[in-house]
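See structure below.
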Amino acid sequence: MSKLADALRGQATACAALGSPFMARLLTLLAQRLTPDGPVAKRLFDWPGDISPAVASVPLRLTGALHAQALADPDGPLAQSYPPNEVSDDQLWDAVMHVFATHTDTLMSWLDSPPQTNEVRRSAVLIAATSYLAEKLGSDFVLSELGASAGLNLMFDRFALQVSDQTFGASDPVLTLTPDWQGPLPPPQGFNVTDRGGTDINPLDPTDAEDQMRLRAYLWPDQPHRRALTDAAISCAEAKVDAASAETWLKDRLTQAHPKSTHLIYHTVAWQYFPDTIQRECTALIEAAGTKATPDAPLAWVSMENDANPNQAGAALTLRYWPGDHHVDLGRADFHGRWVRWNPVTRN
């Protein structure tokens, strides 16, 4: 079996586990039937390095490109083969191959960039973590997001998290997140965002129609509820996301003074796309800034990332905050925020 087929099957399994039977079916078909014929397929088969979901995520680059074509041509054969329509495997495959043959340049362009889902359900974790920090450090926050895409999750203070009959976050939210929650509730501590900004190598503008298309293309076709949440987040998006490498942007961002506010740096399912050198540089910058943090100007770092733990589902939730360099394991969460297992444990 080829490296590509392995990666496609691996992503199919992940999509099935994340509640998308259509994506599992499409990826399985690609694994079974795709051959290195034509420029797009040849590029996929010849892709260097690790193409799995944990690194380059080539399968999701491809399915995002295909979904974009379906959205762009709602009367075309691919859109007519996508949910909510029901067609045979042969009909779906013929529609995919038609796009491979007729939209080569567009597919090749989409393959150049990693997925940018900007999944807003991950903000459930951000609301909980910020509430946790607000109880310890104060209620005012400056937000800095690494790998921010369109900056939708920079607006998490405009969202609400509902757990059972309790609501956290915004009192008049543009959207409400309702993950399957296990563990203690976050502190009922309100918080206020005084400044926000983010960085991305290829930021998207949520007010631009083409970029909105890109955001929607990475949402899976049989999950319209994700589209509804994304559209709601787009309606209030106003955060500035700079086009810059994370370490360059962060170095400048950390020089800006924000007295009486906690500077919260965070990233959600983005770190894996940073080269090792950039990961090390960002870590060093944050740690160095942490040594200068004071009770009047604390620093915090929240991460929701794939730790490749074979014994644990979902992403690891970690927190470090200064002064004092406290390490807290917050628990785990589904990569799309469908569930949260909240269990804050301080390690030092």
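Chain lettering (A, B, ...) mirrors the order of the structure tokens, residue numbering begins at 1 for each chain separately, and ligand numbering begins at 1 in order of display.
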
Quiz prompt | Spatial neighbours of Pro323 (chain A), 7 Å, only C-alpha atoms, chain gap at least 6 places, as a PyMOL selection string | solution = chain A and resi 290-291+293-295+298

Quiz prompt | Selection: 6 Å around region 145-151 of chain A, only C-alpha atoms, excl. self and same-chain fewer than 4 positions, as JSON, numbers by chain | solution = {"A": [198, 199, 200, 203, 204, 205, 206, 239, 265, 266, 267, 270]}

Save the residues we just selected, N, CA, C and O atoms, as a PDB file, in the first residue's frame?
ATOM      1  N   GLY A 198      -3.600  38.339  16.077  1.00  0.00           N
ATOM      2  CA  GLY A 198      -3.133  37.001  15.740  1.00  0.00           C
ATOM      3  C   GLY A 198      -2.212  37.036  14.541  1.00  0.00           C
ATOM      4  O   GLY A 198      -2.039  38.074  13.891  1.00  0.00           O
ATOM      5  N   THR A 199      -1.629  35.893  14.266  1.00  0.00           N
ATOM      6  CA  THR A 199      -0.744  35.763  13.123  1.00  0.00           C
ATOM      7  C   THR A 199      -1.003  34.460  12.407  1.00  0.00           C
ATOM      8  O   THR A 199      -1.425  33.462  13.017  1.00  0.00           O
ATOM      9  N   ASP A 200      -0.739  34.467  11.112  1.00  0.00           N
ATOM     10  CA  ASP A 200      -0.867  33.272  10.295  1.00  0.00           C
ATOM     11  C   ASP A 200      -0.021  33.497   9.044  1.00  0.00           C
ATOM     12  O   ASP A 200       0.076  34.627   8.552  1.00  0.00           O
ATOM     13  N   PRO A 203      -3.139  34.335   6.338  1.00  0.00           N
ATOM     14  CA  PRO A 203      -4.390  34.680   7.019  1.00  0.00           C
ATOM     15  C   PRO A 203      -5.536  34.868   6.039  1.00  0.00           C
ATOM     16  O   PRO A 203      -5.332  35.270   4.894  1.00  0.00           O
ATOM     17  N   LEU A 204      -6.714  34.573   6.508  1.00  0.00           N
ATOM     18  CA  LEU A 204      -7.915  34.760   5.712  1.00  0.00           C
ATOM     19  C   LEU A 204      -8.689  35.960   6.243  1.00  0.00           C
ATOM     20  O   LEU A 204      -8.673  36.247   7.444  1.00  0.00           O
ATOM     21  N   ASP A 205      -9.357  36.649   5.351  1.00  0.00           N
ATOM     22  CA  ASP A 205     -10.168  37.807   5.702  1.00  0.00           C
ATOM     23  C   ASP A 205     -11.629  37.361   5.766  1.00  0.00           C
ATOM     24  O   ASP A 205     -12.231  37.056   4.724  1.00  0.00           O
ATOM     25  N   PRO A 206     -12.219  37.309   6.959  1.00  0.00           N
ATOM     26  CA  PRO A 206     -13.586  36.804   7.061  1.00  0.00           C
ATOM     27  C   PRO A 206     -14.627  37.699   6.408  1.00  0.00           C
ATOM     28  O   PRO A 206     -15.791  37.288   6.282  1.00  0.00           O
ATOM     29  N   ALA A 239     -11.191  40.799  14.412  1.00  0.00           N
ATOM     30  CA  ALA A 239      -9.813  40.740  14.889  1.00  0.00           C
ATOM     31  C   ALA A 239      -8.838  40.876  13.726  1.00  0.00           C
ATOM     32  O   ALA A 239      -9.087  40.372  12.628  1.00  0.00           O
ATOM     33  N   ILE A 265      -1.411  33.928  25.315  1.00  0.00           N
ATOM     34  CA  ILE A 265      -0.968  33.390  24.023  1.00  0.00           C
ATOM     35  C   ILE A 265      -1.589  32.006  23.874  1.00  0.00           C
ATOM     36  O   ILE A 265      -1.568  31.206  24.815  1.00  0.00           O
ATOM     37  N   TYR A 266      -2.133  31.708  22.702  1.00  0.00           N
ATOM     38  CA  TYR A 266      -2.752  30.396  22.549  1.00  0.00           C
ATOM     39  C   TYR A 266      -2.727  29.939  21.094  1.00  0.00           C
ATOM     40  O   TYR A 266      -2.541  30.733  20.164  1.00  0.00           O
ATOM     41  N   HIS A 267      -2.920  28.650  20.935  1.00  0.00           N
ATOM     42  CA  HIS A 267      -3.044  28.052  19.604  1.00  0.00           C
ATOM     43  C   HIS A 267      -3.847  26.771  19.742  1.00  0.00           C
ATOM     44  O   HIS A 267      -3.774  26.060  20.750  1.00  0.00           O
ATOM     45  N   ALA A 270      -2.729  23.965  15.630  1.00  0.00           N
ATOM     46  CA  ALA A 270      -1.928  24.742  14.690  1.00  0.00           C
ATOM     47  C   ALA A 270      -0.443  24.457  14.850  1.00  0.00           C
ATOM     48  O   ALA A 270       0.314  24.498  13.883  1.00  0.00           O
TER      49      ALA A 270
END

Quiz item: Quick one, how far is CA of Asp195 (chain A) from CA of Phe141 (chain A)?
Solution: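 Answer for the CA of Asp195 (chain A) to CA of Phe141 (chain A) separation: 7.2 Å.
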
Quiz item: Taking only C-alpha atoms into account, which of A:Asn202, A:Thr35, A:Gln272, A:Thr104 comes nearest Leu4 (chain A)?
Solution: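 Of all the options, A:Thr35 lies closest to Leu4 (chain A).
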
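In this model, the gap between CA of Met97 (chain A) and CA of Cys15 (chain A) comes to 21.5 Å.
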
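Between Arg61 (chain A) and the candidates A:Arg214, A:Arg122, A:Thr13, A:Lys136, the tightest atom-to-atom separation, counting only C-alpha atoms, involves A:Arg214.
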
Apply DSSP to the backbone of this structure and, from region 215-279 of chain A, keep only the residues in helix (DSSP H, G or I); write these as an mmCIF file with all heavy atoms, in the first residue's frame.
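The result, stored in part_19.cif:
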data_model
loop_
_atom_site.group_PDB
_atom_site.id
_atom_site.type_symbol
_atom_site.label_atom_id
_atom_site.label_comp_id
_atom_site.auth_asym_id
_atom_site.auth_seq_id
_atom_site.Cartn_x
_atom_site.Cartn_y
_atom_site.Cartn_z
ATOM 1 N N LEU A 215 -12.917 29.072 4.173
ATOM 2 C CA LEU A 215 -13.292 28.624 5.514
ATOM 3 C C LEU A 215 -14.373 27.540 5.447
ATOM 4 O O LEU A 215 -14.306 26.527 6.154
ATOM 5 C CB LEU A 215 -13.796 29.803 6.336
ATOM 6 C CG LEU A 215 -12.749 30.812 6.802
ATOM 7 C CD1 LEU A 215 -13.428 32.046 7.379
ATOM 8 C CD2 LEU A 215 -11.814 30.189 7.822
ATOM 9 N N ARG A 216 -15.349 27.741 4.588
ATOM 10 C CA ARG A 216 -16.454 26.791 4.495
ATOM 11 C C ARG A 216 -16.030 25.498 3.803
ATOM 12 O O ARG A 216 -16.572 24.427 4.091
ATOM 13 C CB ARG A 216 -17.625 27.432 3.759
ATOM 14 C CG ARG A 216 -18.275 28.564 4.570
ATOM 15 C CD ARG A 216 -19.233 29.390 3.751
ATOM 16 N NE ARG A 216 -19.846 30.432 4.571
ATOM 17 C CZ ARG A 216 -20.045 31.682 4.163
ATOM 18 N NH1 ARG A 216 -19.685 32.045 2.935
ATOM 19 N NH2 ARG A 216 -20.603 32.569 4.966
ATOM 20 N N ALA A 217 -15.044 25.595 2.906
ATOM 21 C CA ALA A 217 -14.609 24.405 2.176
ATOM 22 C C ALA A 217 -13.980 23.369 3.100
ATOM 23 O O ALA A 217 -14.047 22.169 2.819
ATOM 24 C CB ALA A 217 -13.620 24.796 1.080
ATOM 25 N N PRO A 224 -23.737 20.289 8.546
ATOM 26 C CA PRO A 224 -24.225 21.666 8.362
ATOM 27 C C PRO A 224 -24.223 22.486 9.648
ATOM 28 O O PRO A 224 -24.188 23.721 9.592
ATOM 29 C CB PRO A 224 -25.651 21.465 7.827
ATOM 30 C CG PRO A 224 -26.028 20.076 8.248
ATOM 31 C CD PRO A 224 -24.764 19.283 8.219
ATOM 32 N N HIS A 225 -24.237 21.839 10.818
ATOM 33 C CA HIS A 225 -24.210 22.591 12.071
ATOM 34 C C HIS A 225 -22.899 23.357 12.218
ATOM 35 O O HIS A 225 -22.877 24.454 12.782
ATOM 36 C CB HIS A 225 -24.404 21.635 13.249
ATOM 37 C CG HIS A 225 -23.424 20.509 13.299
ATOM 38 N ND1 HIS A 225 -23.469 19.454 12.403
ATOM 39 C CD2 HIS A 225 -22.372 20.269 14.122
ATOM 40 C CE1 HIS A 225 -22.484 18.612 12.673
ATOM 41 N NE2 HIS A 225 -21.805 19.082 13.700
ATOM 42 N N ARG A 226 -21.806 22.807 11.701
ATOM 43 C CA ARG A 226 -20.522 23.523 11.746
ATOM 44 C C ARG A 226 -20.572 24.756 10.853
ATOM 45 O O ARG A 226 -20.011 25.804 11.195
ATOM 46 C CB ARG A 226 -19.392 22.600 11.316
ATOM 47 C CG ARG A 226 -19.148 21.431 12.256
ATOM 48 C CD ARG A 226 -18.072 20.515 11.718
ATOM 49 N NE ARG A 226 -16.757 21.159 11.701
ATOM 50 C CZ ARG A 226 -15.719 20.700 10.983
ATOM 51 N NH1 ARG A 226 -15.858 19.628 10.206
ATOM 52 N NH2 ARG A 226 -14.568 21.331 11.034
ATOM 53 N N ARG A 227 -21.239 24.637 9.729
ATOM 54 C CA ARG A 227 -21.397 25.788 8.832
ATOM 55 C C ARG A 227 -22.176 26.899 9.540
ATOM 56 O O ARG A 227 -21.820 28.085 9.452
ATOM 57 C CB ARG A 227 -22.108 25.337 7.551
ATOM 58 C CG ARG A 227 -22.631 26.439 6.648
ATOM 59 C CD ARG A 227 -21.521 27.191 5.932
ATOM 60 N NE ARG A 227 -22.078 28.217 5.051
ATOM 61 C CZ ARG A 227 -22.356 28.036 3.756
ATOM 62 N NH1 ARG A 227 -22.137 26.854 3.173
ATOM 63 N NH2 ARG A 227 -22.845 29.003 3.030
ATOM 64 N N ALA A 228 -23.230 26.533 10.268
ATOM 65 C CA ALA A 228 -24.040 27.539 10.951
ATOM 66 C C ALA A 228 -23.218 28.273 12.010
ATOM 67 O O ALA A 228 -23.311 29.505 12.144
ATOM 68 C CB ALA A 228 -25.265 26.885 11.587
ATOM 69 N N LEU A 229 -22.401 27.550 12.773
ATOM 70 C CA LEU A 229 -21.562 28.180 13.792
ATOM 71 C C LEU A 229 -20.508 29.078 13.154
ATOM 72 O O LEU A 229 -20.235 30.186 13.645
ATOM 73 C CB LEU A 229 -20.898 27.117 14.663
ATOM 74 C CG LEU A 229 -21.804 26.354 15.629
ATOM 75 C CD1 LEU A 229 -21.048 25.196 16.268
ATOM 76 C CD2 LEU A 229 -22.348 27.288 16.710
ATOM 77 N N THR A 230 -19.918 28.608 12.064
ATOM 78 C CA THR A 230 -18.908 29.412 11.377
ATOM 79 C C THR A 230 -19.513 30.695 10.825
ATOM 80 O O THR A 230 -18.923 31.782 10.950
ATOM 81 C CB THR A 230 -18.261 28.599 10.245
ATOM 82 O OG1 THR A 230 -17.589 27.471 10.815
ATOM 83 C CG2 THR A 230 -17.256 29.432 9.459
ATOM 84 N N ASP A 231 -20.681 30.601 10.235
ATOM 85 C CA ASP A 231 -21.335 31.792 9.703
ATOM 86 C C ASP A 231 -21.643 32.791 10.819
ATOM 87 O O ASP A 231 -21.512 34.009 10.630
ATOM 88 C CB ASP A 231 -22.609 31.416 8.958
ATOM 89 C CG ASP A 231 -22.332 30.742 7.610
ATOM 90 O OD1 ASP A 231 -21.170 30.777 7.164
ATOM 91 O OD2 ASP A 231 -23.276 30.186 7.021
ATOM 92 N N ALA A 232 -22.043 32.283 11.986
ATOM 93 C CA ALA A 232 -22.316 33.177 13.118
ATOM 94 C C ALA A 232 -21.041 33.864 13.573
ATOM 95 O O ALA A 232 -21.036 35.066 13.882
ATOM 96 C CB ALA A 232 -22.948 32.396 14.262
ATOM 97 N N ALA A 233 -19.935 33.116 13.620
ATOM 98 C CA ALA A 233 -18.655 33.700 14.030
ATOM 99 C C ALA A 233 -18.184 34.735 13.016
ATOM 100 O O ALA A 233 -17.640 35.792 13.387
ATOM 101 C CB ALA A 233 -17.611 32.602 14.200
ATOM 102 N N ILE A 234 -18.373 34.461 11.735
ATOM 103 C CA ILE A 234 -17.999 35.422 10.692
ATOM 104 C C ILE A 234 -18.747 36.738 10.881
ATOM 105 O O ILE A 234 -18.211 37.823 10.639
ATOM 106 C CB ILE A 234 -18.261 34.825 9.300
ATOM 107 C CG1 ILE A 234 -17.221 33.752 8.976
ATOM 108 C CG2 ILE A 234 -18.273 35.898 8.224
ATOM 109 C CD1 ILE A 234 -17.504 32.972 7.704
ATOM 110 N N SER A 235 -19.979 36.655 11.350
ATOM 111 C CA SER A 235 -20.808 37.861 11.482
ATOM 112 C C SER A 235 -20.243 38.857 12.482
ATOM 113 O O SER A 235 -20.573 40.059 12.412
ATOM 114 C CB SER A 235 -22.236 37.478 11.896
ATOM 115 O OG SER A 235 -22.281 37.079 13.270
ATOM 116 N N CYS A 236 -19.391 38.403 13.424
ATOM 117 C CA CYS A 236 -18.843 39.330 14.419
ATOM 118 C C CYS A 236 -17.331 39.459 14.313
ATOM 119 O O CYS A 236 -16.704 40.121 15.152
ATOM 120 C CB CYS A 236 -19.227 38.886 15.837
ATOM 121 S SG CYS A 236 -18.302 37.458 16.472
ATOM 122 N N ALA A 246 5.154 32.917 12.892
ATOM 123 C CA ALA A 246 4.749 33.008 14.293
ATOM 124 C C ALA A 246 5.838 33.593 15.180
ATOM 125 O O ALA A 246 5.567 34.445 16.038
ATOM 126 C CB ALA A 246 4.336 31.628 14.807
ATOM 127 N N GLU A 247 7.081 33.169 14.979
ATOM 128 C CA GLU A 247 8.138 33.620 15.889
ATOM 129 C C GLU A 247 8.475 35.093 15.669
ATOM 130 O O GLU A 247 8.758 35.834 16.626
ATOM 131 C CB GLU A 247 9.387 32.728 15.757
ATOM 132 C CG GLU A 247 10.333 33.044 14.617
ATOM 133 C CD GLU A 247 9.804 32.702 13.229
ATOM 134 O OE1 GLU A 247 8.661 32.206 13.119
ATOM 135 O OE2 GLU A 247 10.548 32.932 12.260
ATOM 136 N N THR A 248 8.416 35.558 14.426
ATOM 137 C CA THR A 248 8.688 36.968 14.142
ATOM 138 C C THR A 248 7.609 37.856 14.740
ATOM 139 O O THR A 248 7.882 38.877 15.387
ATOM 140 C CB THR A 248 8.772 37.198 12.624
ATOM 141 O OG1 THR A 248 9.793 36.368 12.080
ATOM 142 C CG2 THR A 248 9.065 38.644 12.296
ATOM 143 N N TRP A 249 6.375 37.476 14.524
ATOM 144 C CA TRP A 249 5.248 38.249 15.043
ATOM 145 C C TRP A 249 5.240 38.237 16.562
ATOM 146 O O TRP A 249 5.031 39.269 17.213
ATOM 147 C CB TRP A 249 3.952 37.660 14.500
ATOM 148 C CG TRP A 249 2.707 38.381 14.924
ATOM 149 C CD1 TRP A 249 2.137 39.458 14.318
ATOM 150 C CD2 TRP A 249 1.866 38.056 16.045
ATOM 151 N NE1 TRP A 249 0.984 39.821 14.980
ATOM 152 C CE2 TRP A 249 0.800 38.978 16.036
ATOM 153 C CE3 TRP A 249 1.903 37.074 17.027
ATOM 154 C CZ2 TRP A 249 -0.223 38.952 16.996
ATOM 155 C CZ3 TRP A 249 0.900 37.041 17.989
ATOM 156 C CH2 TRP A 249 -0.151 37.982 17.968
ATOM 157 N N LEU A 250 5.486 37.071 17.145
ATOM 158 C CA LEU A 250 5.426 36.945 18.592
ATOM 159 C C LEU A 250 6.520 37.770 19.264
ATOM 160 O O LEU A 250 6.288 38.374 20.326
ATOM 161 C CB LEU A 250 5.548 35.475 18.991
ATOM 162 C CG LEU A 250 5.338 35.142 20.471
ATOM 163 C CD1 LEU A 250 3.954 35.581 20.943
ATOM 164 C CD2 LEU A 250 5.510 33.637 20.696
ATOM 165 N N LYS A 251 7.694 37.805 18.665
ATOM 166 C CA LYS A 251 8.790 38.587 19.245
ATOM 167 C C LYS A 251 8.384 40.050 19.388
ATOM 168 O O LYS A 251 8.636 40.682 20.432
ATOM 169 C CB LYS A 251 10.037 38.459 18.371
ATOM 170 C CG LYS A 251 11.255 39.165 18.940
ATOM 171 C CD LYS A 251 12.483 38.913 18.061
ATOM 172 C CE LYS A 251 13.720 39.570 18.662
ATOM 173 N NZ LYS A 251 14.934 39.307 17.831
ATOM 174 N N ASP A 252 7.747 40.594 18.371
ATOM 175 C CA ASP A 252 7.292 41.983 18.439
ATOM 176 C C ASP A 252 6.122 42.125 19.403
ATOM 177 O O ASP A 252 6.065 43.083 20.190
ATOM 178 C CB ASP A 252 6.894 42.460 17.047
ATOM 179 C CG ASP A 252 6.342 43.876 17.059
ATOM 180 O OD1 ASP A 252 7.129 44.800 17.329
ATOM 181 O OD2 ASP A 252 5.136 44.048 16.821
ATOM 182 N N ARG A 253 5.207 41.186 19.360
ATOM 183 C CA ARG A 253 4.005 41.263 20.201
ATOM 184 C C ARG A 253 4.376 41.265 21.688
ATOM 185 O O ARG A 253 3.751 41.961 22.493
ATOM 186 C CB ARG A 253 3.102 40.068 19.884
ATOM 187 C CG ARG A 253 1.773 40.031 20.626
ATOM 188 C CD ARG A 253 0.783 41.000 20.082
ATOM 189 N NE ARG A 253 -0.558 40.734 20.588
ATOM 190 C CZ ARG A 253 -1.572 41.568 20.475
ATOM 191 N NH1 ARG A 253 -1.422 42.730 19.859
ATOM 192 N NH2 ARG A 253 -2.766 41.263 20.955
ATOM 193 N N TRP A 271 -0.012 24.151 16.064
ATOM 194 C CA TRP A 271 1.407 23.960 16.383
ATOM 195 C C TRP A 271 2.054 22.915 15.498
ATOM 196 O O TRP A 271 3.212 23.030 15.106
ATOM 197 C CB TRP A 271 1.518 23.585 17.849
ATOM 198 C CG TRP A 271 2.881 23.662 18.472
ATOM 199 C CD1 TRP A 271 3.700 22.605 18.779
ATOM 200 C CD2 TRP A 271 3.576 24.833 18.915
ATOM 201 N NE1 TRP A 271 4.847 23.046 19.386
ATOM 202 C CE2 TRP A 271 4.801 24.416 19.482
ATOM 203 C CE3 TRP A 271 3.278 26.190 18.896
ATOM 204 C CZ2 TRP A 271 5.725 25.308 20.014
ATOM 205 C CZ3 TRP A 271 4.198 27.079 19.430
ATOM 206 C CH2 TRP A 271 5.403 26.636 19.973
ATOM 207 N N GLN A 272 1.303 21.864 15.155
ATOM 208 C CA GLN A 272 1.868 20.766 14.366
ATOM 209 C C GLN A 272 2.305 21.234 12.980
ATOM 210 O O GLN A 272 3.157 20.592 12.343
ATOM 211 C CB GLN A 272 0.854 19.635 14.225
ATOM 212 C CG GLN A 272 -0.323 19.968 13.313
ATOM 213 C CD GLN A 272 -1.396 18.894 13.325
ATOM 214 O OE1 GLN A 272 -1.839 18.442 14.365
ATOM 215 N NE2 GLN A 272 -1.796 18.445 12.145
ATOM 216 N N TYR A 273 1.740 22.335 12.499
ATOM 217 C CA TYR A 273 2.096 22.840 11.178
ATOM 218 C C TYR A 273 3.324 23.751 11.216
ATOM 219 O O TYR A 273 3.816 24.151 10.161
ATOM 220 C CB TYR A 273 0.910 23.579 10.565
ATOM 221 C CG TYR A 273 -0.308 22.709 10.371
ATOM 222 C CD1 TYR A 273 -1.491 22.952 11.060
ATOM 223 C CD2 TYR A 273 -0.266 21.615 9.510
ATOM 224 C CE1 TYR A 273 -2.607 22.147 10.890
ATOM 225 C CE2 TYR A 273 -1.370 20.807 9.336
ATOM 226 C CZ TYR A 273 -2.538 21.070 10.024
ATOM 227 O OH TYR A 273 -3.637 20.271 9.856
ATOM 228 N N ASP A 276 9.914 22.633 13.217
ATOM 229 C CA ASP A 276 10.528 22.448 14.535
ATOM 230 C C ASP A 276 11.280 23.692 14.996
ATOM 231 O O ASP A 276 11.242 24.050 16.183
ATOM 232 C CB ASP A 276 11.480 21.248 14.518
ATOM 233 C CG ASP A 276 10.747 19.924 14.375
ATOM 234 O OD1 ASP A 276 9.516 19.905 14.591
ATOM 235 O OD2 ASP A 276 11.402 18.914 14.065
ATOM 236 N N THR A 277 11.972 24.335 14.072
ATOM 237 C CA THR A 277 12.749 25.515 14.459
ATOM 238 C C THR A 277 11.851 26.630 14.979
ATOM 239 O O THR A 277 12.195 27.322 15.957
ATOM 240 C CB THR A 277 13.581 26.031 13.277
ATOM 241 O OG1 THR A 277 12.707 26.264 12.150
ATOM 242 C CG2 THR A 277 14.656 25.030 12.890
ATOM 243 N N ILE A 278 10.701 26.807 14.353
ATOM 244 C CA ILE A 278 9.773 27.852 14.781
ATOM 245 C C ILE A 278 9.131 27.476 16.113
ATOM 246 O O ILE A 278 8.934 28.334 16.990
ATOM 247 C CB ILE A 278 8.721 28.121 13.692
ATOM 248 C CG1 ILE A 278 9.399 28.744 12.466
ATOM 249 C CG2 ILE A 278 7.610 29.019 14.206
ATOM 250 C CD1 ILE A 278 8.470 29.029 11.311
ATOM 251 N N GLN A 279 8.812 26.202 16.299
ATOM 252 C CA GLN A 279 8.297 25.762 17.600
ATOM 253 C C GLN A 279 9.286 26.092 18.713
ATOM 254 O O GLN A 279 8.909 26.615 19.769
ATOM 255 C CB GLN A 279 8.018 24.260 17.583
ATOM 256 C CG GLN A 279 6.862 23.833 16.708
ATOM 257 C CD GLN A 279 6.633 22.331 16.754
ATOM 258 O OE1 GLN A 279 7.254 21.610 17.532
ATOM 259 N NE2 GLN A 279 5.738 21.852 15.904
#

Quiz item: Taking the backbone alone, and naming residues the way the document does, which bits of region 152-273 of chain A are strand (DSSP E or B) by DSSP, as an MDAnalysis selection string?
Solution: chainID A and resid 159:163 166:169 175:177 180:182 192:200 241:243 262:268

Self-check item: Shell of 10 Å around region 185-188 of chain A, only C-alpha atoms, local chain residues under 5 positions omitted, as an MDAnalysis selection string
Solution: chainID A and resid 125 127:136 163:164 166:169 342:344

Write the residues you've just listed into a file as a PDB file, in the first residue's frame, and include N, CA and C atoms for each of them.
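Saved as out_37.pdb:
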ATOM      1  N   VAL A 125     -12.956  25.443  24.798  1.00  0.00           N
ATOM      2  CA  VAL A 125     -11.765  25.277  25.633  1.00  0.00           C
ATOM      3  C   VAL A 125     -11.194  26.632  26.023  1.00  0.00           C
ATOM      4  N   ILE A 127     -12.773  29.529  26.313  1.00  0.00           N
ATOM      5  CA  ILE A 127     -13.634  30.164  27.315  1.00  0.00           C
ATOM      6  C   ILE A 127     -13.362  29.566  28.694  1.00  0.00           C
ATOM      7  N   ALA A 128     -13.264  28.237  28.756  1.00  0.00           N
ATOM      8  CA  ALA A 128     -13.027  27.577  30.041  1.00  0.00           C
ATOM      9  C   ALA A 128     -11.658  27.943  30.607  1.00  0.00           C
ATOM     10  N   ALA A 129     -10.626  27.923  29.755  1.00  0.00           N
ATOM     11  CA  ALA A 129      -9.272  28.219  30.223  1.00  0.00           C
ATOM     12  C   ALA A 129      -9.153  29.666  30.680  1.00  0.00           C
ATOM     13  N   THR A 130      -9.798  30.580  29.971  1.00  0.00           N
ATOM     14  CA  THR A 130      -9.728  31.989  30.352  1.00  0.00           C
ATOM     15  C   THR A 130     -10.488  32.235  31.650  1.00  0.00           C
ATOM     16  N   SER A 131     -11.593  31.553  31.843  1.00  0.00           N
ATOM     17  CA  SER A 131     -12.308  31.648  33.121  1.00  0.00           C
ATOM     18  C   SER A 131     -11.434  31.137  34.256  1.00  0.00           C
ATOM     19  N   TYR A 132     -10.728  30.039  34.009  1.00  0.00           N
ATOM     20  CA  TYR A 132      -9.816  29.475  35.002  1.00  0.00           C
ATOM     21  C   TYR A 132      -8.725  30.486  35.358  1.00  0.00           C
ATOM     22  N   LEU A 133      -8.148  31.112  34.330  1.00  0.00           N
ATOM     23  CA  LEU A 133      -7.087  32.089  34.556  1.00  0.00           C
ATOM     24  C   LEU A 133      -7.613  33.359  35.217  1.00  0.00           C
ATOM     25  N   ALA A 134      -8.816  33.775  34.858  1.00  0.00           N
ATOM     26  CA  ALA A 134      -9.377  35.004  35.420  1.00  0.00           C
ATOM     27  C   ALA A 134      -9.523  34.894  36.928  1.00  0.00           C
ATOM     28  N   GLU A 135      -9.861  33.715  37.395  1.00  0.00           N
ATOM     29  CA  GLU A 135      -9.996  33.525  38.843  1.00  0.00           C
ATOM     30  C   GLU A 135      -8.655  33.678  39.552  1.00  0.00           C
ATOM     31  N   LYS A 136      -7.564  33.335  38.853  1.00  0.00           N
ATOM     32  CA  LYS A 136      -6.239  33.368  39.461  1.00  0.00           C
ATOM     33  C   LYS A 136      -5.491  34.678  39.215  1.00  0.00           C
ATOM     34  N   VAL A 163     -22.871  24.521  29.727  1.00  0.00           N
ATOM     35  CA  VAL A 163     -22.672  23.203  30.321  1.00  0.00           C
ATOM     36  C   VAL A 163     -23.838  22.959  31.261  1.00  0.00           C
ATOM     37  N   SER A 164     -24.652  21.965  30.933  1.00  0.00           N
ATOM     38  CA  SER A 164     -25.882  21.706  31.686  1.00  0.00           C
ATOM     39  C   SER A 164     -26.707  22.992  31.713  1.00  0.00           C
ATOM     40  N   GLN A 166     -25.681  25.855  33.150  1.00  0.00           N
ATOM     41  CA  GLN A 166     -24.827  26.999  33.431  1.00  0.00           C
ATOM     42  C   GLN A 166     -24.182  27.508  32.149  1.00  0.00           C
ATOM     43  N   THR A 167     -24.050  28.812  32.064  1.00  0.00           N
ATOM     44  CA  THR A 167     -23.484  29.446  30.881  1.00  0.00           C
ATOM     45  C   THR A 167     -22.269  30.271  31.271  1.00  0.00           C
ATOM     46  N   PHE A 168     -21.205  30.157  30.485  1.00  0.00           N
ATOM     47  CA  PHE A 168     -19.964  30.884  30.707  1.00  0.00           C
ATOM     48  C   PHE A 168     -19.664  31.704  29.455  1.00  0.00           C
ATOM     49  N   GLY A 169     -18.930  32.795  29.646  1.00  0.00           N
ATOM     50  CA  GLY A 169     -18.577  33.622  28.509  1.00  0.00           C
ATOM     51  C   GLY A 169     -19.527  34.785  28.339  1.00  0.00           C
ATOM     52  N   TRP A 342     -12.618  17.905  31.155  1.00  0.00           N
ATOM     53  CA  TRP A 342     -11.959  18.983  31.898  1.00  0.00           C
ATOM     54  C   TRP A 342     -11.490  18.457  33.250  1.00  0.00           C
ATOM     55  N   ASN A 343     -10.189  18.530  33.469  1.00  0.00           N
ATOM     56  CA  ASN A 343      -9.633  17.992  34.724  1.00  0.00           C
ATOM     57  C   ASN A 343      -8.324  18.715  35.057  1.00  0.00           C
ATOM     58  N   PRO A 344      -8.390  19.983  35.485  1.00  0.00           N
ATOM     59  CA  PRO A 344      -7.163  20.742  35.736  1.00  0.00           C
ATOM     60  C   PRO A 344      -6.313  20.115  36.851  1.00  0.00           C
TER      61      PRO A 344
END

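Counting only C-alpha atoms and comparing A:Thr255, A:Asn192, A:Ser88, A:Thr268, the residue that lies closest to Asp140 (chain A) is A:Asn192.
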
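You can rank A:Thr178, A:Met213, A:Thr194, A:Leu27 by their closest distance to Gln69 (chain A) using only C-alpha atoms, and at the top of that list sits A:Met213.
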
Practice problem: Could you jot down the CA of Leu8 (chain A) to CA of Thr28 (chain A) separation for me, Å, one decimal place? | Solution: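 A separation of 6.7 Å between them.
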